[in-house]
Structure formats: C-alpha cells, structure tokens
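Undergrad: This is the content of input-v4.cif (mmCIF, C-alpha atoms):
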data_protein
#
loop_
_atom_site.group_PDB
_atom_site.id
_atom_site.type_symbol
_atom_site.label_atom_id
_atom_site.label_comp_id
_atom_site.auth_asym_id
_atom_site.auth_seq_id
_atom_site.Cartn_x
_atom_site.Cartn_y
_atom_site.Cartn_z
ATOM 1 C CA MET A 20 89.469 127.754 100.276
ATOM 2 C CA SER A 21 86.995 128.250 103.126
ATOM 3 C CA ASP A 22 83.688 126.414 103.195
ATOM 4 C CA THR A 23 80.939 127.909 105.323
ATOM 5 C CA ARG A 24 78.219 125.366 104.552
ATOM 6 C CA THR A 25 76.384 123.405 107.229
ATOM 7 C CA LEU A 26 75.513 119.966 105.872
ATOM 8 C CA LEU A 27 73.497 116.978 107.021
ATOM 9 C CA VAL A 28 75.322 113.684 107.487
ATOM 10 C CA GLY A 29 73.728 110.390 108.406
ATOM 11 C CA ASP A 30 74.591 106.776 109.147
ATOM 12 C CA VAL A 31 71.588 104.479 108.921
ATOM 13 C CA GLY A 32 71.852 100.765 109.635
ATOM 14 C CA GLY A 33 69.460 97.930 110.258
ATOM 15 C CA THR A 34 69.133 98.828 113.946
ATOM 16 C CA ASN A 35 70.056 102.469 114.531
ATOM 17 C CA ALA A 36 69.945 105.802 112.710
ATOM 18 C CA ARG A 37 72.554 108.472 113.481
ATOM 19 C CA PHE A 38 72.517 112.036 112.189
ATOM 20 C CA ALA A 39 74.616 115.154 112.700
ATOM 21 C CA LEU A 40 75.308 118.568 111.264
ATOM 22 C CA ALA A 41 78.771 118.855 109.723
ATOM 23 C CA THR A 42 80.984 121.874 109.213
ATOM 24 C CA TRP A 43 84.506 122.081 107.779
ATOM 25 C CA LYS A 44 87.365 123.545 109.808
ATOM 26 C CA ASP A 45 91.133 123.406 109.211
ATOM 27 C CA GLY A 46 90.783 120.766 106.524
ATOM 28 C CA LEU A 47 88.761 118.344 108.642
ATOM 29 C CA PRO A 48 85.056 117.656 109.231
ATOM 30 C CA VAL A 49 83.517 118.739 112.527
ATOM 31 C CA LEU A 50 80.311 117.089 113.773
ATOM 32 C CA GLU A 51 77.706 119.006 115.764
ATOM 33 C CA HIS A 52 74.143 118.384 116.964
ATOM 34 C CA ARG A 53 74.587 114.589 116.916
ATOM 35 C CA GLU A 54 71.486 112.476 117.463
ATOM 36 C CA SER A 55 70.907 108.722 117.462
ATOM 37 C CA PHE A 56 67.665 106.763 117.681
ATOM 38 C CA PRO A 57 66.351 103.260 116.925
ATOM 39 C CA ALA A 58 65.425 102.986 113.259
ATOM 40 C CA GLU A 59 62.074 101.506 114.261
ATOM 41 C CA GLN A 60 61.138 104.788 115.970
ATOM 42 C CA TYR A 61 59.883 106.210 112.676
ATOM 43 C CA PRO A 62 57.733 104.284 110.165
ATOM 44 C CA THR A 63 59.673 105.623 107.162
ATOM 45 C CA PHE A 64 63.218 106.745 106.421
ATOM 46 C CA LEU A 65 62.016 110.158 105.264
ATOM 47 C CA GLU A 66 60.161 110.775 108.530
ATOM 48 C CA GLY A 67 63.318 110.010 110.512
ATOM 49 C CA VAL A 68 65.403 112.475 108.487
ATOM 50 C CA ALA A 69 62.674 115.119 108.643
ATOM 51 C CA ALA A 70 62.399 114.776 112.428
ATOM 52 C CA PHE A 71 66.130 115.365 112.829
ATOM 53 C CA ILE A 72 66.117 118.429 110.557
ATOM 54 C CA ASP A 73 63.095 119.859 112.377
ATOM 55 C CA GLY A 74 65.117 119.760 115.597
ATOM 56 C CA CYS A 75 68.051 121.704 114.137
ATOM 57 C CA GLU A 76 68.261 125.435 114.737
ATOM 58 C CA VAL A 77 70.550 125.776 111.688
ATOM 59 C CA LYS A 78 69.045 123.978 108.698
ATOM 60 C CA PRO A 79 71.443 122.014 106.478
ATOM 61 C CA SER A 80 71.661 123.052 102.818
ATOM 62 C CA GLY A 81 72.602 119.595 101.524
ATOM 63 C CA GLY A 82 74.079 116.382 102.743
ATOM 64 C CA VAL A 83 75.244 112.795 102.470
ATOM 65 C CA ILE A 84 73.595 109.855 104.204
ATOM 66 C CA ALA A 85 75.376 106.522 104.552
ATOM 67 C CA VAL A 86 73.060 103.514 104.422
ATOM 68 C CA ALA A 87 73.464 99.780 105.066
ATOM 69 C CA GLY A 88 73.036 98.260 101.634
ATOM 70 C CA PRO A 89 73.697 98.852 97.950
ATOM 71 C CA VAL A 90 72.668 102.233 96.518
ATOM 72 C CA GLU A 91 71.213 101.851 93.038
ATOM 73 C CA ASP A 92 70.201 104.826 90.875
ATOM 74 C CA GLY A 93 70.155 107.104 93.901
ATOM 75 C CA ALA A 94 67.839 104.864 95.924
ATOM 76 C CA ILE A 95 68.210 102.335 98.733
ATOM 77 C CA ASP A 96 66.148 99.488 100.118
ATOM 78 C CA LEU A 97 68.043 98.674 103.295
ATOM 79 C CA THR A 98 69.261 95.072 103.479
ATOM 80 C CA ASN A 99 68.334 94.448 107.137
ATOM 81 C CA SER A 100 65.559 97.014 107.591
ATOM 82 C CA PRO A 101 62.115 97.756 106.093
ATOM 83 C CA TRP A 102 63.217 101.342 105.383
ATOM 84 C CA ALA A 103 63.623 102.548 101.793
ATOM 85 C CA VAL A 104 64.323 106.036 100.387
ATOM 86 C CA SER A 105 65.652 107.877 97.363
ATOM 87 C CA GLU A 106 67.704 111.020 96.810
ATOM 88 C CA THR A 107 64.685 112.499 95.024
ATOM 89 C CA GLU A 108 62.549 112.076 98.148
ATOM 90 C CA LEU A 109 65.267 113.530 100.382
ATOM 91 C CA ALA A 110 65.476 116.596 98.144
ATOM 92 C CA THR A 111 61.878 117.454 99.159
ATOM 93 C CA LEU A 112 63.295 118.261 102.615
ATOM 94 C CA GLY A 113 65.318 121.136 101.159
ATOM 95 C CA LEU A 114 68.569 119.219 100.755
ATOM 96 C CA ASN A 115 70.351 120.196 97.543
ATOM 97 C CA PRO A 116 72.573 118.472 96.693
ATOM 98 C CA VAL A 117 71.912 115.261 98.641
ATOM 99 C CA LYS A 118 73.581 111.919 98.114
ATOM 100 C CA LEU A 119 73.157 108.357 99.414
ATOM 101 C CA ILE A 120 76.252 106.191 99.799
ATOM 102 C CA ASN A 121 76.959 102.755 101.264
ATOM 103 C CA ASP A 122 77.707 102.814 105.002
ATOM 104 C CA PHE A 123 81.049 101.035 104.707
ATOM 105 C CA GLU A 124 81.999 103.281 101.807
ATOM 106 C CA ALA A 125 81.528 106.128 104.297
ATOM 107 C CA LEU A 126 83.644 104.279 106.863
ATOM 108 C CA ALA A 127 86.415 103.897 104.287
ATOM 109 C CA TRP A 128 86.408 107.675 103.769
ATOM 110 C CA GLY A 129 86.270 108.219 107.517
ATOM 111 C CA ALA A 130 89.010 105.819 108.650
ATOM 112 C CA PRO A 131 91.982 108.079 107.787
ATOM 113 C CA VAL A 132 90.545 110.996 109.795
ATOM 114 C CA VAL A 133 89.560 109.034 112.909
ATOM 115 C CA PRO A 134 91.680 110.352 115.809
ATOM 116 C CA ALA A 135 94.404 107.963 117.004
ATOM 117 C CA SER A 136 92.718 107.969 120.429
ATOM 118 C CA ASP A 137 89.714 106.243 118.814
ATOM 119 C CA LEU A 138 91.742 103.391 117.319
ATOM 120 C CA VAL A 139 92.771 100.219 119.182
ATOM 121 C CA HIS A 140 95.745 98.355 117.728
ATOM 122 C CA LEU A 141 95.149 94.631 117.106
ATOM 123 C CA GLY A 142 98.553 93.595 115.825
ATOM 124 C CA GLY A 143 101.104 94.151 113.116
ATOM 125 C CA PRO A 144 103.170 97.332 112.700
ATOM 126 C CA GLU A 145 102.027 100.579 114.263
ATOM 127 C CA ALA A 146 101.374 102.168 110.842
ATOM 128 C CA GLY A 147 100.633 100.981 107.340
ATOM 129 C CA ASP A 148 101.847 102.288 104.005
ATOM 130 C CA PRO A 149 100.270 105.780 103.730
ATOM 131 C CA HIS A 150 100.101 105.492 99.935
ATOM 132 C CA ALA A 151 98.514 102.028 99.856
ATOM 133 C CA THR A 152 94.893 100.883 99.939
ATOM 134 C CA LEU A 153 93.256 100.425 103.326
ATOM 135 C CA ALA A 154 90.328 98.101 104.026
ATOM 136 C CA VAL A 155 87.414 98.610 106.414
ATOM 137 C CA LEU A 156 85.147 95.762 107.450
ATOM 138 C CA GLY A 157 83.124 94.619 110.370
ATOM 139 C CA PRO A 158 80.173 92.912 111.996
ATOM 140 C CA GLY A 159 77.062 94.556 113.344
ATOM 141 C CA THR A 160 73.483 93.793 112.333
ATOM 142 C CA GLY A 161 75.131 92.586 109.110
ATOM 143 C CA PHE A 162 78.716 92.430 107.820
ATOM 144 C CA GLY A 163 80.111 95.334 105.820
ATOM 145 C CA VAL A 164 83.190 95.646 103.611
ATOM 146 C CA SER A 165 84.859 98.521 101.762
ATOM 147 C CA ALA A 166 88.291 99.795 100.809
ATOM 148 C CA LEU A 167 89.881 103.181 100.246
ATOM 149 C CA VAL A 168 92.196 103.021 97.245
ATOM 150 C CA ARG A 169 95.137 105.434 97.575
ATOM 151 C CA ASP A 170 98.136 106.203 95.373
ATOM 152 C CA ALA A 171 101.485 107.987 95.651
ATOM 153 C CA LEU A 172 99.923 111.208 94.301
ATOM 154 C CA GLY A 173 97.548 111.412 97.255
ATOM 155 C CA ARG A 174 94.452 110.500 95.262
ATOM 156 C CA GLU A 175 91.754 108.488 97.018
ATOM 157 C CA MET A 176 88.654 106.596 95.958
ATOM 158 C CA ALA A 177 86.358 104.561 98.204
ATOM 159 C CA MET A 178 84.974 101.300 96.863
ATOM 160 C CA PRO A 179 81.357 100.503 97.770
ATOM 161 C CA SER A 180 81.059 96.778 98.262
ATOM 162 C CA GLU A 181 78.745 93.975 99.305
ATOM 163 C CA GLY A 182 81.696 91.790 100.331
ATOM 164 C CA GLY A 183 79.852 90.548 103.401
ATOM 165 C CA HIS A 184 77.745 88.443 101.073
ATOM 166 C CA ALA A 185 80.748 86.584 99.648
ATOM 167 C CA CYS A 186 80.914 82.894 100.534
ATOM 168 C CA PHE A 187 81.995 81.853 104.029
ATOM 169 C CA PRO A 188 85.493 80.276 103.854
ATOM 170 C CA PRO A 189 85.934 77.491 106.470
ATOM 171 C CA GLY A 190 89.474 77.213 107.821
ATOM 172 C CA ASP A 191 89.470 73.888 109.701
ATOM 173 C CA PRO A 192 87.363 70.713 110.131
ATOM 174 C CA ILE A 193 85.082 72.330 112.738
ATOM 175 C CA GLU A 194 84.306 75.188 110.382
ATOM 176 C CA ASP A 195 83.738 72.639 107.602
ATOM 177 C CA GLU A 196 81.065 71.116 109.829
ATOM 178 C CA ILE A 197 79.576 74.529 110.680
ATOM 179 C CA LEU A 198 79.247 75.171 106.950
ATOM 180 C CA ARG A 199 77.583 71.792 106.390
ATOM 181 C CA ILE A 200 75.033 72.470 109.163
ATOM 182 C CA LEU A 201 74.191 75.962 107.901
ATOM 183 C CA ARG A 202 73.718 74.621 104.370
ATOM 184 C CA GLU A 203 70.725 72.715 105.698
ATOM 185 C CA ARG A 204 69.075 76.065 106.369
ATOM 186 C CA TYR A 205 70.545 78.335 103.696
ATOM 187 C CA ASP A 206 70.951 77.553 100.025
ATOM 188 C CA ARG A 207 74.199 79.552 100.113
ATOM 189 C CA VAL A 208 76.191 80.385 103.244
ATOM 190 C CA SER A 209 77.731 83.853 103.124
ATOM 191 C CA ILE A 210 80.133 85.480 105.574
ATOM 192 C CA GLU A 211 77.192 87.469 106.973
ATOM 193 C CA ARG A 212 75.425 84.259 107.985
ATOM 194 C CA LEU A 213 78.116 83.855 110.673
ATOM 195 C CA ILE A 214 79.991 87.106 111.285
ATOM 196 C CA CYS A 215 77.321 89.483 112.578
ATOM 197 C CA GLY A 216 74.860 89.565 115.472
ATOM 198 C CA PRO A 217 72.375 87.019 114.061
ATOM 199 C CA GLY A 218 75.334 85.040 112.688
ATOM 200 C CA LEU A 219 76.772 84.676 116.182
ATOM 201 C CA LEU A 220 73.571 82.857 117.133
ATOM 202 C CA ASN A 221 73.830 80.642 114.031
ATOM 203 C CA MET A 222 77.368 79.722 115.037
ATOM 204 C CA HIS A 223 76.461 79.006 118.660
ATOM 205 C CA ARG A 224 73.694 76.622 117.653
ATOM 206 C CA ALA A 225 75.906 74.884 115.107
ATOM 207 C CA LEU A 226 78.685 74.374 117.659
ATOM 208 C CA ALA A 227 76.177 73.006 120.189
ATOM 209 C CA ARG A 228 75.010 70.478 117.618
ATOM 210 C CA ILE A 229 78.578 69.479 116.776
ATOM 211 C CA GLU A 230 79.322 68.944 120.471
ATOM 212 C CA GLY A 231 76.053 67.088 121.088
ATOM 213 C CA ARG A 232 74.666 69.522 123.653
ATOM 214 C CA GLU A 233 71.495 71.567 123.891
ATOM 215 C CA THR A 234 71.289 75.351 123.910
ATOM 216 C CA HIS A 235 68.281 77.519 124.628
ATOM 217 C CA ILE A 236 69.938 80.860 123.928
ATOM 218 C CA ASP A 237 68.066 82.931 121.357
ATOM 219 C CA ASP A 238 69.708 86.346 121.841
ATOM 220 C CA PRO A 239 73.213 87.091 120.481
ATOM 221 C CA ALA A 240 73.753 89.607 123.299
ATOM 222 C CA GLU A 241 73.453 86.776 125.826
ATOM 223 C CA ILE A 242 76.269 84.933 124.060
ATOM 224 C CA THR A 243 78.659 87.884 124.247
ATOM 225 C CA THR A 244 77.712 88.758 127.840
ATOM 226 C CA THR A 245 78.267 85.175 129.017
ATOM 227 C CA ALA A 246 81.471 84.830 127.001
ATOM 228 C CA LEU A 247 82.994 87.968 128.488
ATOM 229 C CA ALA A 248 82.077 86.816 132.003
ATOM 230 C CA ASP A 249 83.291 83.229 131.459
ATOM 231 C CA PRO A 250 85.620 82.731 128.452
ATOM 232 C CA ASP A 251 85.800 78.990 129.198
ATOM 233 C CA SER A 252 82.027 78.534 128.765
ATOM 234 C CA PRO A 253 80.377 77.261 125.561
ATOM 235 C CA CYS A 254 79.525 80.915 124.824
ATOM 236 C CA GLY A 255 83.205 81.746 125.240
ATOM 237 C CA ALA A 256 84.076 79.050 122.702
ATOM 238 C CA THR A 257 81.505 80.513 120.299
ATOM 239 C CA LEU A 258 82.885 84.028 120.614
ATOM 240 C CA ALA A 259 86.473 82.772 120.208
ATOM 241 C CA ARG A 260 85.465 81.006 117.000
ATOM 242 C CA PHE A 261 83.672 84.175 115.871
ATOM 243 C CA CYS A 262 86.881 86.204 116.403
ATOM 244 C CA ALA A 263 88.984 83.593 114.619
ATOM 245 C CA ILE A 264 86.753 83.598 111.555
ATOM 246 C CA LEU A 265 86.642 87.408 111.632
ATOM 247 C CA GLY A 266 90.451 87.382 111.503
ATOM 248 C CA ALA A 267 90.515 84.903 108.623
ATOM 249 C CA VAL A 268 87.968 86.931 106.649
ATOM 250 C CA ALA A 269 89.809 90.191 107.379
ATOM 251 C CA GLY A 270 92.987 88.600 106.055
ATOM 252 C CA ASP A 271 91.258 87.421 102.890
ATOM 253 C CA ILE A 272 89.903 90.932 102.302
ATOM 254 C CA ALA A 273 93.365 92.419 102.875
ATOM 255 C CA LEU A 274 94.776 90.056 100.253
ATOM 256 C CA THR A 275 91.936 90.762 97.822
ATOM 257 C CA THR A 276 92.229 94.554 98.064
ATOM 258 C CA GLY A 277 95.980 94.800 98.599
ATOM 259 C CA ALA A 278 95.361 96.666 101.848
ATOM 260 C CA ARG A 279 98.975 97.412 102.775
ATOM 261 C CA GLY A 280 97.688 100.632 104.321
ATOM 262 C CA GLY A 281 96.019 98.651 107.086
ATOM 263 C CA VAL A 282 92.766 96.948 108.000
ATOM 264 C CA TYR A 283 90.192 98.691 110.196
ATOM 265 C CA ILE A 284 87.524 96.686 112.039
ATOM 266 C CA ALA A 285 84.318 98.678 112.419
ATOM 267 C CA GLY A 286 80.715 97.837 113.266
ATOM 268 C CA GLY A 287 78.927 97.578 116.576
ATOM 269 C CA ILE A 288 80.324 94.297 117.924
ATOM 270 C CA ALA A 289 84.130 94.640 117.956
ATOM 271 C CA PRO A 290 84.301 97.679 120.297
ATOM 272 C CA ARG A 291 82.198 95.803 122.868
ATOM 273 C CA ILE A 292 84.517 92.778 122.992
ATOM 274 C CA LEU A 293 87.915 94.489 122.723
ATOM 275 C CA ALA A 294 89.795 92.629 125.481
ATOM 276 C CA PHE A 295 88.388 89.302 124.308
ATOM 277 C CA LEU A 296 89.227 90.096 120.666
ATOM 278 C CA LYS A 297 92.821 91.006 121.555
ATOM 279 C CA ALA A 298 93.309 87.678 123.347
ATOM 280 C CA SER A 299 91.539 85.664 120.645
ATOM 281 C CA PRO A 300 92.992 83.898 117.582
ATOM 282 C CA PHE A 301 92.016 86.917 115.436
ATOM 283 C CA ARG A 302 95.522 88.037 114.495
ATOM 284 C CA ARG A 303 96.877 84.486 114.132
ATOM 285 C CA ARG A 304 94.126 83.652 111.657
ATOM 286 C CA PHE A 305 94.614 87.021 109.926
ATOM 287 C CA GLU A 306 98.261 86.178 109.213
ATOM 288 C CA ARG A 307 97.728 82.463 108.470
ATOM 289 C CA LYS A 308 97.840 82.802 104.690
ATOM 290 C CA GLY A 309 100.423 80.194 103.715
ATOM 291 C CA ARG A 310 103.063 81.584 101.370
ATOM 292 C CA PHE A 311 101.815 85.121 102.108
ATOM 293 C CA ALA A 312 102.269 84.979 105.896
ATOM 294 C CA ASP A 313 105.132 87.516 105.771
ATOM 295 C CA TYR A 314 103.041 89.806 103.565
ATOM 296 C CA MET A 315 100.224 89.674 106.115
ATOM 297 C CA ALA A 316 102.536 90.279 109.090
ATOM 298 C CA ASP A 317 103.353 93.713 107.641
ATOM 299 C CA ILE A 318 99.704 94.824 107.594
ATOM 300 C CA PRO A 319 98.456 96.572 110.755
ATOM 301 C CA THR A 320 94.985 95.905 112.134
ATOM 302 C CA TRP A 321 92.915 98.235 114.300
ATOM 303 C CA VAL A 322 89.438 98.463 115.808
ATOM 304 C CA ILE A 323 87.629 101.765 115.264
ATOM 305 C CA THR A 324 86.035 102.803 118.557
ATOM 306 C CA HIS A 325 84.839 106.219 117.329
ATOM 307 C CA LYS A 326 81.038 106.052 117.448
ATOM 308 C CA HIS A 327 80.598 108.372 114.470
ATOM 309 C CA ALA A 328 83.359 107.325 112.059
ATOM 310 C CA ALA A 329 80.840 106.829 109.238
ATOM 311 C CA LEU A 330 79.537 110.363 109.817
ATOM 312 C CA LEU A 331 83.089 111.685 109.437
ATOM 313 C CA GLY A 332 83.365 109.840 106.139
ATOM 314 C CA ALA A 333 79.971 111.061 104.963
ATOM 315 C CA ALA A 334 81.090 114.606 105.790
ATOM 316 C CA ARG A 335 84.247 114.216 103.687
ATOM 317 C CA VAL A 336 82.080 113.181 100.730
ATOM 318 C CA ALA A 337 79.539 115.943 101.410
ATOM 319 C CA PHE A 338 82.131 118.720 101.392
ATOM 320 C CA ALA A 339 83.754 117.345 98.260
ATOM 321 C CA THR A 340 80.398 117.735 96.484
ATOM 322 C CA ALA A 341 79.977 120.939 94.476
ATOM 323 C CA VAL A 342 77.543 123.512 95.838
#
So, in terms of structure tokens, how does the structure I just supplied come out?
TA:
Amino acid sequence: MSDTRTLLVGDVGGTNARFALATWKDGLPVLEHRESFPAEQYPTFLEGVAAFIDGCEVKPSGGVIAVAGPVEDGAIDLTNSPWAVSETELATLGLNPVKLINDFEALAWGAPVVPASDLVHLGGPEAGDPHATLAVLGPGTGFGVSALVRDALGREMAMPSEGGHACFPPGDPIEDEILRILRERYDRVSIERLICGPGLLNMHRALARIEGRETHIDDPAEITTTALADPDSPCGATLARFCAILGAVAGDIALTTGARGGVYIAGGIAPRILAFLKASPFRRRFERKGRFADYMADIPTWVITHKHAALLGAARVAFATAV
C-alpha cells in the first residue's frame, strides 16, 4: 500500500535538536529537509519545533519526535535539558497525530534500516540472528539504552528504557576505587555518572586521585582530544578505561536482553573515537562474562555512524501510526 504523507520526525537530546521531513518509498523511510541546531537556541521545545515547521515549504500532517528521557502520559521533561513539552501542545502546531517516544526507542527502530555503509564493525560475527532481539545503547550527553524485540514471525517491538540509570558495575580493583570516590559525591552511582560526556570528566578526576596527581581539565572534549593525540597520556588512560567500561556495560545489556541479533553503539561519542575504540579493551570486556564467554563471542557489535539513525526510527513509528 502506498503512503503519500509527509511527516515530521525529530530527535531531541540534552545538547542538540534535529528535525526532518519524512516520506515513505519502497518500504523504507526517506529523510528530507534535515535541520539541526543547539537546543539552547530556542527558550522552549515548542518554539524549536514551530521554527522548523515554519521553514518547511511542505507542511507535515503529523509526526513522531524522539526525546532524551522517559515519556509519561504523552509528555516529557527532558533529563539533561530544561525543555519540556506534551503531545497536546505539539498538536497546536497542526500535527495530527503526533507522538513522543524515547530517543533510544527510536534508535532501536532505526538500527535495522541503517545502511551497512553507516555501521562500523567492532567485533564478533559479521551478522547476528535476524530473528533475535537487538540492543542499542550509547554515551552522549547522557547514556541511553533500548532493545528491539524480534521473533521468527517477523514481529518487532521496541522497548523504551532508562537503563543508563542502572547501577555502575565495577569490573576490577581500579573500578572499585572509582566507585568509592564517586560515592562521596553521589548517593547512588549509575552507569550515566561515568559513561557519557560529563561522566568522562568524573572518571578522569577519579583516576587522577587514585594515581595521586593533579588535573585541571574541566572539559570532556579536552580529554578525548588529548587522548586521541597521545594514547599514552593520562587522558589516554581515561579514555581506555571509558571504552573498557562501555564494553562491560554493553555485554551486561546483551545478556539482560538476550540480544543475539547484535549490539549497536550509538550516541555522539563513539563515532568520534572509532580508531581508539577499536584498539581499546571494549570487545574483550564485552565478552568477559565468565561461563557465558562463548555466548558473548557469537554476538556482533557495531557503532552506528549514521547521524540521523534516530530520525529513521522515528519515521518507522510515524508511518506505522494510523492516519
């Protein structure tokens, strides 16, 4: 059946807002009129969406916007942003129907339709079980987690999740000490306290304290830039530890969700450190699951480098929504 609608899709995080118009061709979503801007550019979420629509020659009839945080009763108060909005408010812009979904839920829908050219293999077999669950996770401003449950009949269902706020699981004595240090600041240390942009800074300071040295770095970007230029520097050690913990967490999520279909690393950080990530302990820590090491070795891992994978997923949801 043909679908001639033009729909709005969005991907709004703590730092950036991305929007596009989506159409449906040959069974796949097509993105047009893409636009990205800092979330802080507009005082409110609604103003940002309205500004994008105003700039479109063809006005969307409905849409789906992926947002960084839990959607409750059709409304969102973004976890790492002052923005808040509801589906009711969005409907005042002429969008009907309109739906808010979690950003990593959108990524889970989008992962299977990301072109192979926008995936970088990080280990394991070249392909996962096409009928098994796949997991999507990754660090950016925060740490997101989702999974796409699939069965032998071809049915799919994405799981919205706040898995990034699960407890941080230390994997060796150094990580035990990192946890102890962060507990002085946080009542509860979640994965997101370490595996995201601000978390990278938390980790760097904790490692400096463990090693008895001073650090005056206060920008996570400086850590990654220095690490990529000099992997043997203290910043290089921080980023290597970051990648190792990312691998351990990705493995835990694969076990928890039964992600024999593969694990996709998304978010803004991984694509910027690809060569470093490939050479890091990521895959070793991913597979280091004791009696389940063989199980883990059969699960492929990739990095999504497509800049609009969440928009592809939002489009899949939008076109599955009844007119």
Undergrad: Which polymer residues have any atom within 12 Å of an atom of range 193-204 of chain A, counting only C-alpha atoms, with same-chain residues fewer than 2 positions away left out, as a PyMOL selection string?
TA: chain A and resi 186-191+206-213+218-230+257+260-261+263-264+267
Undergrad: Measuring between only C-alpha atoms, which one of A:Val31, A:Val164, A:Ile84, A:Leu109 shows the shortest distance to Phe56 in chain A?
TA: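 Using only C-alpha atoms, the shortest distance to Phe56 in chain A belongs to A:Val31.
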Undergrad: If the PyMOL selection byres ((chain A and resi 306-314) around 12) is run on the structure shown, which residues does it catch, given as JSON, numbers by chain?
TA: {"A": [141, 142, 143, 144, 190, 191, 263, 264, 265, 266, 267, 268, 269, 270, 271, 272, 273, 274, 277, 278, 279, 281, 300, 301, 302, 303, 304, 305, 315, 316, 317, 318, 319, 320]}
Undergrad: Report as a PyMOL selection string all protein, DNA and RNA residues lying within 12 Å of Ser165 in chain A, evaluated on only C-alpha atoms, omitting residues in the same chain fewer than 2 positions from it.
TA: chain A and resi 87-89+120-130+152-157+162-163+167-168+176-183+269+272-273+275-276+278+282-285+329
Undergrad: Store the residues picked out above, limited to C-alpha atoms, as a short mmCIF file (atom, residue, chain, number, x, y, z; two decimals), keeping the file's coordinate frame.
TA:
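New file selection17.cif:
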data_model
loop_
_atom_site.label_atom_id
_atom_site.label_comp_id
_atom_site.auth_asym_id
_atom_site.auth_seq_id
_atom_site.Cartn_x
_atom_site.Cartn_y
_atom_site.Cartn_z
CA ALA A 87 73.46 99.78 105.07
CA GLY A 88 73.04 98.26 101.63
CA PRO A 89 73.70 98.85 97.95
CA ILE A 120 76.25 106.19 99.80
CA ASN A 121 76.96 102.76 101.26
CA ASP A 122 77.71 102.81 105.00
CA PHE A 123 81.05 101.04 104.71
CA GLU A 124 82.00 103.28 101.81
CA ALA A 125 81.53 106.13 104.30
CA LEU A 126 83.64 104.28 106.86
CA ALA A 127 86.42 103.90 104.29
CA TRP A 128 86.41 107.68 103.77
CA GLY A 129 86.27 108.22 107.52
CA ALA A 130 89.01 105.82 108.65
CA THR A 152 94.89 100.88 99.94
CA LEU A 153 93.26 100.42 103.33
CA ALA A 154 90.33 98.10 104.03
CA VAL A 155 87.41 98.61 106.41
CA LEU A 156 85.15 95.76 107.45
CA GLY A 157 83.12 94.62 110.37
CA PHE A 162 78.72 92.43 107.82
CA GLY A 163 80.11 95.33 105.82
CA LEU A 167 89.88 103.18 100.25
CA VAL A 168 92.20 103.02 97.24
CA MET A 176 88.65 106.60 95.96
CA ALA A 177 86.36 104.56 98.20
CA MET A 178 84.97 101.30 96.86
CA PRO A 179 81.36 100.50 97.77
CA SER A 180 81.06 96.78 98.26
CA GLU A 181 78.74 93.98 99.30
CA GLY A 182 81.70 91.79 100.33
CA GLY A 183 79.85 90.55 103.40
CA ALA A 269 89.81 90.19 107.38
CA ILE A 272 89.90 90.93 102.30
CA ALA A 273 93.36 92.42 102.88
CA THR A 275 91.94 90.76 97.82
CA THR A 276 92.23 94.55 98.06
CA ALA A 278 95.36 96.67 101.85
CA VAL A 282 92.77 96.95 108.00
CA TYR A 283 90.19 98.69 110.20
CA ILE A 284 87.52 96.69 112.04
CA ALA A 285 84.32 98.68 112.42
CA ALA A 329 80.84 106.83 109.24
#
Undergrad: Once 8 Å is added on each side, what are the centre and the three edge lengths, in Å to one decimal, of the axis-aligned box enclosing the listed atoms of range 44-48 of chain A? Present them as AutoDock Vina command-line options.
TA:
--center_x 88.1 --center_y 120.6 --center_z 108.2 --size_x 22.1 --size_y 21.9 --size_z 19.3
Undergrad: Set the distance at 12 Å and use all atoms listed in the file: which residues neighbour Ala298 in chain A once local chain neighbours fewer than 6 positions away are removed? I'd like the list as a PyMOL selection string.
TA: chain A and resi 141-142+247+250+255+258-259+262-263+292
Undergrad: Can you tell me how far CA of Phe295 in chain A sits from CA of Thr243 in chain A, in Å to one decimal?
TA: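 Atom-to-atom, CA of Phe295 in chain A and CA of Thr243 in chain A are spaced 9.8 Å apart.
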Undergrad: Taking only C-alpha atoms into account, name the residue in A:Thr340, A:Thr23, A:Thr324, A:Thr34 that is nearest to His140 in chain A.
TA: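 Among A:Thr340, A:Thr23, A:Thr324, A:Thr34, it is A:Thr324 that comes nearest to His140 in chain A.
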Undergrad: How many Å separate CA of Gly280 in chain A from CA of Ala146 in chain A?
TA: 7.6 Å
Undergrad: Mind giving me the straight-line distance from CA of Asp237 in chain A to CA of Trp102 in chain A in Å, one decimal?
TA: 24.9 Å
Undergrad: Ranking A:Gly81, A:Pro239, A:Pro290, A:Pro131 by minimum distance to Lys118 in chain A and counting all atoms listed in the file, which one comes first?
TA: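 That would be A:Gly81, the residue with the smallest distance to Lys118 in chain A.
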Undergrad: From the set A:Ala85, A:Ala58, A:Ala135, A:Val68, which residue has the shortest atom-to-atom contact distance to Pro101 in chain A, counting all atoms listed in the file?
TA: A:Ala58
Undergrad: To verify the selection step, state as a list of chain:residue names which residues the PyMOL selection byres ((chain A and resi 52) around 7) yields on this input.
TA: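 For this structure, the PyMOL selection byres ((chain A and resi 52) around 7) resolves to A:Ala39, A:Leu40, A:Glu51, A:Arg53, A:Glu54.
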Undergrad: Would you save the residues of that selection, restricted to C-alpha atoms, as a PDB file, keeping the file's coordinate frame?
TA:
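Saved file result_2.pdb follows:
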ATOM      1  CA  ALA A  39      74.616 115.154 112.700  1.00  0.00           C
ATOM      2  CA  LEU A  40      75.308 118.568 111.264  1.00  0.00           C
ATOM      3  CA  GLU A  51      77.706 119.006 115.764  1.00  0.00           C
ATOM      4  CA  ARG A  53      74.587 114.589 116.916  1.00  0.00           C
ATOM      5  CA  GLU A  54      71.486 112.476 117.463  1.00  0.00           C
TER       6      GLU A  54
END
Undergrad: Which is closest to Asp22 in chain A among A:Glu233, A:Ala246, A:Ala339, A:Gly147, if we use only C-alpha atoms?
TA: A:Ala339
Undergrad: Considering only C-alpha atoms, can you say which of A:Leu112, A:Ala248, A:Leu138, A:Ala334 comes closest to Val83 in chain A?
TA: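 Counting only C-alpha atoms, the residue closest to Val83 in chain A is A:Ala334.
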